[in-house]
Each structure stands twice: as C-alpha cells, then as structure tokens.
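One structure is given below, encoded as structure tokens.
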Amino acid sequence: MVGPQAADDFGHSEQDQHESHAPKGSLLALCVGTVGVVFGDIGTSPIYAFRETFAGHHPITPDPTHINGVLSLVFWSMMIVVTFKYVFTIMKADNKGEGGSLALLALINRQTAGAKWTAPFVMLGVFATALFYGDSMITPAMSILSAAEGLKYVSQGFSAWILPISIVIIGGLFAFQSRGTAKVGAWFGPIMLVYFATLAGLGIMHLTKMPLIILDVLNPLNALYFFYADGFRAFVAMGTVVLAVTGAEALYADMGHFGRRPIKFSWLFFVLPALMLNYMGQGAMILSMTPEEAQLAIRDPFFLMVPDIISTPVIILTILAAIIASQAVISGAFSLTQQAIQLGFMPRLSILHTSEKAAGQIYIPAINWGLAVMVLLLVLFFQSSSNLAAAYGIAVTGAMFIDTCLIAVVLLSLWKWPKWKAIPILALFFIVDFAYFGANLLKVPSGGWVPLLIGLVIFTLLTTWSRGRALMRERMAESTMPMEIFIKSAANSATRVPGTAIFMASAASGVPSALLHNIKHNRILHERVIILTVQIEDVPFVETGERIICKDLGEGFYRVKMRFGFLEETNVPATLDMVDLCGPKFDMMHTSFFLSRQTLIASKIPGMAIWREKVFAWMLRNAANAMEFFKLPSNRVVELGSQVEI
C-alpha cells in the first residue's frame, strides 16, 4: 500500500491540512510560469499532430469533409479531455495542493483508510506511473526530432544533419540537468509566451483567407459526420488526433508548482486559443489549395504555413520550445521518482538539490542518464518523428484512462457525489478514453509496443520493490523482541558509556536489528539510546509542529518518529536540531548513528517468485546508501549487517 501507516505506540492521529504549498506571487507572474513549464508538451503538438492525422501511417485525403471533421475532433478533444476532465474536474482532487497520479493515489489511500477494495486502484496508479516513464522517454525524442526537421526548410543541406543535430541537442539537454534550471528557467516563460503568440499569429494569417472554417470546427456535427461518412478512418484518425492533447496530464501533475488558478487561466485565455488558431490556420491553408497542392503540403503543414521571410527565427523558436517541453518532462520524471521513493515504490536513489531557494528543483543522476540512453535509442531506432508518432500516444491514453478510474473513486467514494450527477460525467470521460486508447492499440505492431514494454518493465520493478519491502519487514518482525523486555534485560547487563546512540528503525515498534547486534557483539549501551523511525506520510508536506513525536521509554531509551511528506527531503540531522523532548540538545560530535544493512537470500518461502526475489535483491544492493539518503554525517555512522530470507 502507499505510505504504510505502521501500527505504533505513539497514539498519533493524522490531522488534515488543506493549504497549498504552491509558490506565492501575482497571478500574472504565475501564469507566465505555467506557460513556460506546464504547457510545453501540448504546445509542441501542432508541429506534428495535424500532419500525422493525414500523412501518417494511415493517410487520409485532405478534403473539406476530413479536414473539418479532424479539426472538430481536435477542438472537442481539447474541450472534453483537457478543459472539462483535467482543468474543471481532476484538478479539484488535489492532495494538499499537489497533483499527479501518485499524489491522487496517496489521497485515495489515506481517505479510504486502506480499504481492501482500493488495492486494484493502487496497482492502476502504479501502472500510470510506469507509463509516465515511457512517455518521458518518447516526448523529448518526438518534440526535438520534429522541431529539428524544420531545419530543412531553412536549407535542404540540413536534411542529412537532422538526426545528428537532434542527438547533439538531446545529449546537451541531459548533460545540463546536473546544473539545474534556476538560471535558464527564468527564460522559459517569456520564450513560450512568444512561441504561443507565434502559433496564434501564423494561424490568424491563414484564417483570414477562410474565416468560416472556425464555425465548422466549433460545430461538433462535423466530427460526427466524419464518423458517419468514413467510420473506420475516423476511428483510426483518433489515434493521431490524440497527439493534440498529449501533455494534458502535465496540468494536473504540475499543479503543486503553480496552483490551480494560474493553470486554469493560462489554458482558457491564452494556450487553448493559440493552439486552436494554429490548427485552424493549418486547415485553412490546406483548404485554400488545389487538391494536388494540398496532397504535397499536408506532409508538413506547420512549417509550410510560415512565410519564408521569418522561417529561420520561427524554426529556432520551435526548437527552443521543444527543448523547454522536454525539460519539463525530465523535471517531472525527477519529481515523480522522488514521490515513488518516498511512498515505497522505488529503492533509495541519490537525489541532489540544484537550487537553494526552490526545494522542488532536484537532479537524480540514475534517472537522468537512464532517460538519456533511452531517448537516444528511440531517436536512432525510429529515425524520424513520423515513425516515432506510431509509438507516441498509447502511454498517454493509458495514463489518461487510469486517471479517469482514480477520479471515479474520488467522485463516488470521497466526495460522495450523487450517482445521477457523477455517472454521466464519468461515462463521457470513459467513452472518450476508451475510444482514444482503442484507436492507439492499432499502433502496437508499428511501434506502440515500445511504451507498453517500457511501462510493463517499470511496473514490474515498482511492484517488486514494494512487495519485497513488505515481505522483508514481515520476516524481520517475526524475530523482533518487544522493546519493554529488551530494556529490562539490557539495562542491567550492558555497560553504559557516555554519548548518544541513534538506531534507525524501519518499524515503529520492536527492537531494531542493529541494536540487537550491537549489544550482542559490543556489550555496551550509550547513556542515551534513540530508536528513530522516519515515516513518510500520504501528504506532500508535514507541518513543522507535527514533524517530531517523542516517547520516553525509561532507562535512557527514547522512541522518536520523524514525519515527512512525500515531496520533502529527509534530512535527519537538521530535523534533530528541532528535538528538545529527549533530554539535552543533540551534539553531532557526541552522537553515533547505527544502521542495519540487510543481505537478502532468495528462498522458497511463500511470498514472491524466485526471479522476483532476485530482482528485489539486485535493487536492494544498488539502492543509495541510507547514510546519504538521510544526510547523516559520514564519520558518525556505524553499519551492522544481517541476513534475511524472503
């Protein structure tokens, strides 16, 4: 389960907090920030979405019926999926101001008190997380490759260099991650403002030739007529039309960074109009041509709608927008990984903070270089954005479908909406999600298997780690000794020495194995012994006043629990400075930290398949050191090992 609430003797009952930890500032400034971070992925969709619908793997004749039908599908997809589903519904289901599938999963788990029926939804949420990693590999490859392909309209000589240029940009992007985005991040908002304004301007320029297309696009009957006139082609077209809404889930995932209002305002009054003006402009340009010209132009309508006199700066701007969109996805992968680690679905990884001011700006080397390798392999394997489009979309539609399942739980079980109100809304969302996911399944043979395979592998790793940790705790709990009995026997038999010993314990009850091994081999106890449990809650942040819980066990023994949110850094020494309930203040020069290091032995004890036990043991061996993860002073740490069979 997410963020397991271990039974303990603290008598603690969690208090709800409803405030958001989003950055404070003027609405205008926050709106600019959202444009630079949240809408990068969906903002680069006009480069390839309209093109792929007509000239992709299932070509469609660019005639008025098909163009009006496709554009109407694009508009109503944006209204139903992005506006109604995410902006007006799912974004209201925040976890103390935070969004994203894991945050929503933690909210459901906390509110339903771990009810048995939530287990399938936990697995769905974990699979959505796994699909996000697949999406975070495909998005940089697709965005940068499609933008770089515009260079051939600057000069045909660039055609042979598109792939090498894309590889250099991607390599530089990932190499830059360790430096953080604090300095260049200030430029993201203004650059994307100019980019979206350019999208709108290009669209308006071509709409002046055929303004009535606006009425055709807004009319949902044109989308329905498309299905009536050419049913199967319309269904297949949905597999590429969905490319226009890829990135919609970022609105929810990034909600904690900016808040709901700035994202809603930016989408409704700036991003949505700019995108639709550009899509309609592409359609108007094609409709104003002869059938022969349209057949040629539909292969790259986005770049062909740019006048020659400004083609170079627009293409450079497009490449910058693709880089910014990729940066947002990579940062999202870092943030999601941190949540997954804290909630117990991933082993500890080295997490570096790249900004002294912004706690959310982190860098995870293992994730960064893992993504870099996969993105480069995708670029080299698929070679072009058109080929890559076959793999793009299925992970997004899968994640969107899972979000609908999770919001169904929220509406019916958490918010207690009446069924007459909830079911029609959920039915609309499920019908649209099923249609898009089904259309994308047709892409599986031609590349759609890639994100599914990636998602399946990552899902297996996430669930193996979660299950393995639970089994390991069960095995260790079987041999643990009650703390009261240990204190009575140890207080009389062991020699007490000056100083403080802190024994890190994963369980909130019983005697840590490190303490048992210490008394067995060293036969001494410090004057003050702290049994310290770090507990990650199902909320993003824990208030300072609720951070520490301390209980005096007698004879110089104390049990301390530190509570952190799943978005917070677990800095144990800094938090110990706040403790004044366990005797004198902690002096790091006279404090020793004792850690348990378990070596797993795969066995035939019922629990997991042998191969999964071996995978779990491999993950445990490669996890970041607890000393580094908890920011413990390296010269004050003692590790004591033991073997555990699972």
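Going through the structure tokens in order, the chains are called A, B, and so on, while each chain numbers its residues from 1 and the ligands are numbered from 1 in the order shown.
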May I have all residues of range 305-418 of chain A that DSSP, computed from the backbone, assigns to strand (DSSP E or B), given as a ChimeraX atom specification?
-> /A:352-353,362-363
Sort by chain and increasing residue number a table of all residues of range 421-463 of chain A within 12 Å of range 319-341 of chain A, each with its closest pair of atoms and their distance in Å to one decimal, counting only C-alpha atoms, and write it as CSV.
```
residue,atom,partner,partner_atom,distance
A:Ile458,CA,A:Thr337,CA,11.7
A:Phe459,CA,A:Ala340,CA,11.7
A:Leu461,CA,A:Ala340,CA,11.7
A:Leu462,CA,A:Ala340,CA,8.5
A:Thr463,CA,A:Ala340,CA,11.0
```
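Each of A:Phe557, A:Phe265, A:Trp369, A:Phe630 was checked against Thr575 in chain A using only C-alpha atoms; the smallest atom-to-atom distance is that of A:Phe630.
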Find the residues around Val375 in chain A up to 7 Å (only C-alpha atoms counted), leave out those fewer than 5 positions away in its own chain, and share them as a list in words.
->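 With the cut-off at 7 Å, the set is Met137, Ile138, Pro140 and Ala141 of chain A.
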Once you have the residues from the selection above, write them out as a PDB file, in the first residue's frame, restricted to all heavy atoms.
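Resulting contents of again.pdb:
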```pdb
ATOM      1  N   MET A 137      10.272   9.305 -21.952  1.00  0.00           N
ATOM      2  CA  MET A 137      11.322   8.927 -22.901  1.00  0.00           C
ATOM      3  C   MET A 137      10.937   9.325 -24.325  1.00  0.00           C
ATOM      4  O   MET A 137      11.779   9.758 -25.112  1.00  0.00           O
ATOM      5  CB  MET A 137      11.566   7.414 -22.843  1.00  0.00           C
ATOM      6  CG  MET A 137      12.092   6.923 -21.509  1.00  0.00           C
ATOM      7  SD  MET A 137      12.071   5.109 -21.415  1.00  0.00           S
ATOM      8  CE  MET A 137      12.402   4.860 -19.667  1.00  0.00           C
ATOM      9  N   ILE A 138       9.663   9.160 -24.667  1.00  0.00           N
ATOM     10  CA  ILE A 138       9.222   9.426 -26.040  1.00  0.00           C
ATOM     11  C   ILE A 138       9.064  10.919 -26.308  1.00  0.00           C
ATOM     12  O   ILE A 138       9.377  11.403 -27.397  1.00  0.00           O
ATOM     13  CB  ILE A 138       7.901   8.679 -26.325  1.00  0.00           C
ATOM     14  CG1 ILE A 138       8.128   7.168 -26.254  1.00  0.00           C
ATOM     15  CG2 ILE A 138       7.344   9.052 -27.691  1.00  0.00           C
ATOM     16  CD1 ILE A 138       6.871   6.342 -26.424  1.00  0.00           C
ATOM     17  N   PRO A 140      10.707  13.800 -25.291  1.00  0.00           N
ATOM     18  CA  PRO A 140      11.880  14.551 -25.782  1.00  0.00           C
ATOM     19  C   PRO A 140      12.293  14.117 -27.184  1.00  0.00           C
ATOM     20  O   PRO A 140      12.657  14.961 -28.013  1.00  0.00           O
ATOM     21  CB  PRO A 140      12.970  14.215 -24.750  1.00  0.00           C
ATOM     22  CG  PRO A 140      12.234  13.815 -23.522  1.00  0.00           C
ATOM     23  CD  PRO A 140      11.009  13.116 -24.019  1.00  0.00           C
ATOM     24  N   ALA A 141      12.244  12.808 -27.436  1.00  0.00           N
ATOM     25  CA  ALA A 141      12.628  12.320 -28.765  1.00  0.00           C
ATOM     26  C   ALA A 141      11.700  12.883 -29.836  1.00  0.00           C
ATOM     27  O   ALA A 141      12.150  13.380 -30.877  1.00  0.00           O
ATOM     28  CB  ALA A 141      12.604  10.791 -28.777  1.00  0.00           C
TER      29      ALA A 141
END
```
Contact residues around Leu380 in chain A with only C-alpha atoms at 12 Å, ignoring same-chain residues under 5 positions, as a list in words =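 In the requested form, the answer reads Ala141, Met142, Leu145, Ile162, Leu163, Pro164, Ser166, Ile167, Ile170, Val373, Met374, Val375, Ser385, Asn387 and Leu388 of chain A.
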Filtering to all heavy atoms, could you give me those residues as a JSON list (two decimals), in the first residue's frame?
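result02.json, freshly written:
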```
[["chain", "number", "residue", "atom", "x", "y", "z"],
["A", 141, "ALA", "N", 12.24, 12.81, -27.44],
["A", 141, "ALA", "CA", 12.63, 12.32, -28.77],
["A", 141, "ALA", "C", 11.70, 12.88, -29.84],
["A", 141, "ALA", "O", 12.15, 13.38, -30.88],
["A", 141, "ALA", "CB", 12.60, 10.79, -28.78],
["A", 142, "MET", "N", 10.39, 12.83, -29.59],
["A", 142, "MET", "CA", 9.40, 13.29, -30.56],
["A", 142, "MET", "C", 9.46, 14.80, -30.75],
["A", 142, "MET", "O", 9.47, 15.30, -31.88],
["A", 142, "MET", "CB", 8.00, 12.88, -30.08],
["A", 142, "MET", "CG", 6.88, 13.22, -31.05],
["A", 142, "MET", "SD", 6.93, 12.15, -32.49],
["A", 142, "MET", "CE", 5.54, 12.79, -33.43],
["A", 145, "LEU", "N", 13.01, 15.95, -32.30],
["A", 145, "LEU", "CA", 13.17, 15.45, -33.67],
["A", 145, "LEU", "C", 12.23, 16.17, -34.63],
["A", 145, "LEU", "O", 12.65, 16.58, -35.73],
["A", 145, "LEU", "CB", 12.90, 13.94, -33.69],
["A", 145, "LEU", "CG", 13.45, 13.11, -34.86],
["A", 145, "LEU", "CD1", 14.93, 13.35, -35.04],
["A", 145, "LEU", "CD2", 13.19, 11.63, -34.60],
["A", 162, "ILE", "N", 19.74, 16.36, -39.77],
["A", 162, "ILE", "CA", 18.65, 16.44, -38.79],
["A", 162, "ILE", "C", 18.87, 15.47, -37.63],
["A", 162, "ILE", "O", 18.75, 15.83, -36.46],
["A", 162, "ILE", "CB", 17.29, 16.19, -39.47],
["A", 162, "ILE", "CG1", 16.92, 17.38, -40.35],
["A", 162, "ILE", "CG2", 16.20, 15.96, -38.42],
["A", 162, "ILE", "CD1", 15.71, 17.16, -41.22],
["A", 163, "LEU", "N", 19.22, 14.22, -37.95],
["A", 163, "LEU", "CA", 19.42, 13.21, -36.90],
["A", 163, "LEU", "C", 20.62, 13.55, -36.01],
["A", 163, "LEU", "O", 20.49, 13.55, -34.78],
["A", 163, "LEU", "CB", 19.58, 11.83, -37.54],
["A", 163, "LEU", "CG", 19.27, 10.63, -36.63],
["A", 163, "LEU", "CD1", 17.83, 10.66, -36.16],
["A", 163, "LEU", "CD2", 19.55, 9.33, -37.38],
["A", 164, "PRO", "N", 21.80, 13.87, -36.59],
["A", 164, "PRO", "CA", 22.94, 14.24, -35.73],
["A", 164, "PRO", "C", 22.65, 15.48, -34.87],
["A", 164, "PRO", "O", 23.05, 15.53, -33.70],
["A", 164, "PRO", "CB", 24.07, 14.52, -36.73],
["A", 164, "PRO", "CG", 23.70, 13.74, -37.94],
["A", 164, "PRO", "CD", 22.21, 13.77, -38.00],
["A", 166, "SER", "N", 19.73, 16.50, -33.77],
["A", 166, "SER", "CA", 18.80, 16.08, -32.71],
["A", 166, "SER", "C", 19.55, 15.37, -31.59],
["A", 166, "SER", "O", 19.29, 15.61, -30.40],
["A", 166, "SER", "CB", 17.72, 15.16, -33.27],
["A", 166, "SER", "OG", 16.95, 15.82, -34.26],
["A", 167, "ILE", "N", 20.49, 14.51, -31.97],
["A", 167, "ILE", "CA", 21.27, 13.76, -30.97],
["A", 167, "ILE", "C", 22.11, 14.71, -30.13],
["A", 167, "ILE", "O", 22.20, 14.56, -28.90],
["A", 167, "ILE", "CB", 22.14, 12.69, -31.67],
["A", 167, "ILE", "CG1", 21.24, 11.58, -32.22],
["A", 167, "ILE", "CG2", 23.18, 12.11, -30.70],
["A", 167, "ILE", "CD1", 21.97, 10.60, -33.11],
["A", 170, "ILE", "N", 19.77, 16.60, -27.71],
["A", 170, "ILE", "CA", 19.32, 15.72, -26.63],
["A", 170, "ILE", "C", 20.46, 15.46, -25.65],
["A", 170, "ILE", "O", 20.28, 15.51, -24.42],
["A", 170, "ILE", "CB", 18.77, 14.40, -27.20],
["A", 170, "ILE", "CG1", 17.45, 14.65, -27.93],
["A", 170, "ILE", "CG2", 18.57, 13.36, -26.10],
["A", 170, "ILE", "CD1", 16.98, 13.50, -28.79],
["A", 373, "VAL", "N", 19.81, 7.64, -22.22],
["A", 373, "VAL", "CA", 20.11, 6.47, -23.05],
["A", 373, "VAL", "C", 18.88, 6.03, -23.83],
["A", 373, "VAL", "O", 18.95, 5.77, -25.04],
["A", 373, "VAL", "CB", 20.65, 5.31, -22.17],
["A", 373, "VAL", "CG1", 20.72, 4.02, -22.97],
["A", 373, "VAL", "CG2", 22.02, 5.67, -21.62],
["A", 374, "MET", "N", 17.73, 5.97, -23.16],
["A", 374, "MET", "CA", 16.51, 5.50, -23.81],
["A", 374, "MET", "C", 16.04, 6.48, -24.89],
["A", 374, "MET", "O", 15.61, 6.05, -25.97],
["A", 374, "MET", "CB", 15.41, 5.30, -22.77],
["A", 374, "MET", "CG", 15.64, 4.12, -21.83],
["A", 374, "MET", "SD", 15.87, 2.55, -22.71],
["A", 374, "MET", "CE", 14.30, 2.40, -23.57],
["A", 375, "VAL", "N", 16.13, 7.78, -24.63],
["A", 375, "VAL", "CA", 15.71, 8.78, -25.63],
["A", 375, "VAL", "C", 16.59, 8.68, -26.87],
["A", 375, "VAL", "O", 16.10, 8.69, -28.01],
["A", 375, "VAL", "CB", 15.77, 10.21, -25.03],
["A", 375, "VAL", "CG1", 15.56, 11.26, -26.12],
["A", 375, "VAL", "CG2", 14.71, 10.38, -23.95],
["A", 385, "SER", "N", 10.37, 11.73, -36.87],
["A", 385, "SER", "CA", 9.24, 11.97, -35.98],
["A", 385, "SER", "C", 7.99, 11.25, -36.47],
["A", 385, "SER", "O", 7.13, 10.85, -35.68],
["A", 385, "SER", "CB", 8.97, 13.48, -35.87],
["A", 385, "SER", "OG", 8.59, 14.01, -37.12],
["A", 387, "ASN", "N", 7.87, 8.27, -37.90],
["A", 387, "ASN", "CA", 7.97, 6.89, -37.42],
["A", 387, "ASN", "C", 7.71, 6.82, -35.92],
["A", 387, "ASN", "O", 7.06, 5.90, -35.42],
["A", 387, "ASN", "CB", 9.35, 6.30, -37.73],
["A", 387, "ASN", "CG", 9.58, 6.09, -39.21],
["A", 387, "ASN", "OD1", 8.62, 5.93, -39.97],
["A", 387, "ASN", "ND2", 10.82, 6.12, -39.63],
["A", 388, "LEU", "N", 8.23, 7.81, -35.20],
["A", 388, "LEU", "CA", 8.10, 7.83, -33.74],
["A", 388, "LEU", "C", 6.65, 8.08, -33.32],
["A", 388, "LEU", "O", 6.24, 7.67, -32.23],
["A", 388, "LEU", "CB", 9.02, 8.91, -33.16],
["A", 388, "LEU", "CG", 9.33, 8.86, -31.67],
["A", 388, "LEU", "CD1", 9.88, 7.51, -31.27],
["A", 388, "LEU", "CD2", 10.33, 9.96, -31.32]]
```
Between A:Ala626, A:Val82, A:Ile214, A:Val70, which one has atoms that come closest to Ala284 in chain A, using only C-alpha atoms?
-> A:Ile214
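Distances here use only C-alpha atoms; by that measure, the residue among A:Val245, A:Leu452, A:Met205, A:Leu107 closest to Met400 in chain A is A:Val245.
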With a distance cut-off of 10 Å and only C-alpha atoms, select the neighbouring residues of range 187-203 of chain A, excluding the residue or stretch itself and same-chain residues fewer than 2 positions from it, and output the selection as a ChimeraX atom specification.
-> /A:29-40,43-44,46-47,181-185,205-208,270-285,302,305-307,314,317-318,320-325,327-328
For Ser72 in chain A, list every protein, DNA or RNA residue within 6 Å, evaluated using only C-alpha atoms, and leave out those in the same chain fewer than 3 positions away; present the list as a PyMOL selection string.
-> chain A and resi 68-69+75+217+223
Nearest residue to Gln383 in chain A from the set A:Gln361, A:Met91, A:Pro59, A:Glu149 (distances using only C-alpha atoms) |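 Checking each candidate against Gln383 in chain A, we get A:Glu149 as the closest.
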Any chance you could list, as number ranges by chain, the residues in range 216-371 of chain A that come up helix (DSSP H, G or I) when DSSP is run on the backbone?
-> A: 216-218, 220-229, 231-245, 248-253, 255-258, 260-287, 291-297, 301-304, 308-342, 365-371
Contacts of range 429-444 of chain A within 7 Å, only C-alpha atoms, excl. fewer than 5 positions in-chain, as a VMD selection string = chain A and resid 235 to 236 238 to 239 242 390 to 391 393 to 394 397 to 398 400 to 401 404 449
Distance of CA of Ala248 in chain A from CA of Ser384 in chain A, expressed in Å to one decimal place | 23.8 Å
Interatomic distance (Å, one decimal) between CA of Thr533 in chain A and CA of Ala507 in chain A = 6.7 Å
Pick the closest to Ser509 in chain A from A:Ala250, A:Leu173, A:Met481, A:Leu105: which is it, counting only C-alpha atoms?
->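 The answer is A:Met481, which sits nearest to Ser509 in chain A.
Distances here use only C-alpha atoms; by that measure, the residue among A:Met255, A:Val154, A:Asp230, A:Ala389 closest to Ser45 in chain A is A:Ala389.
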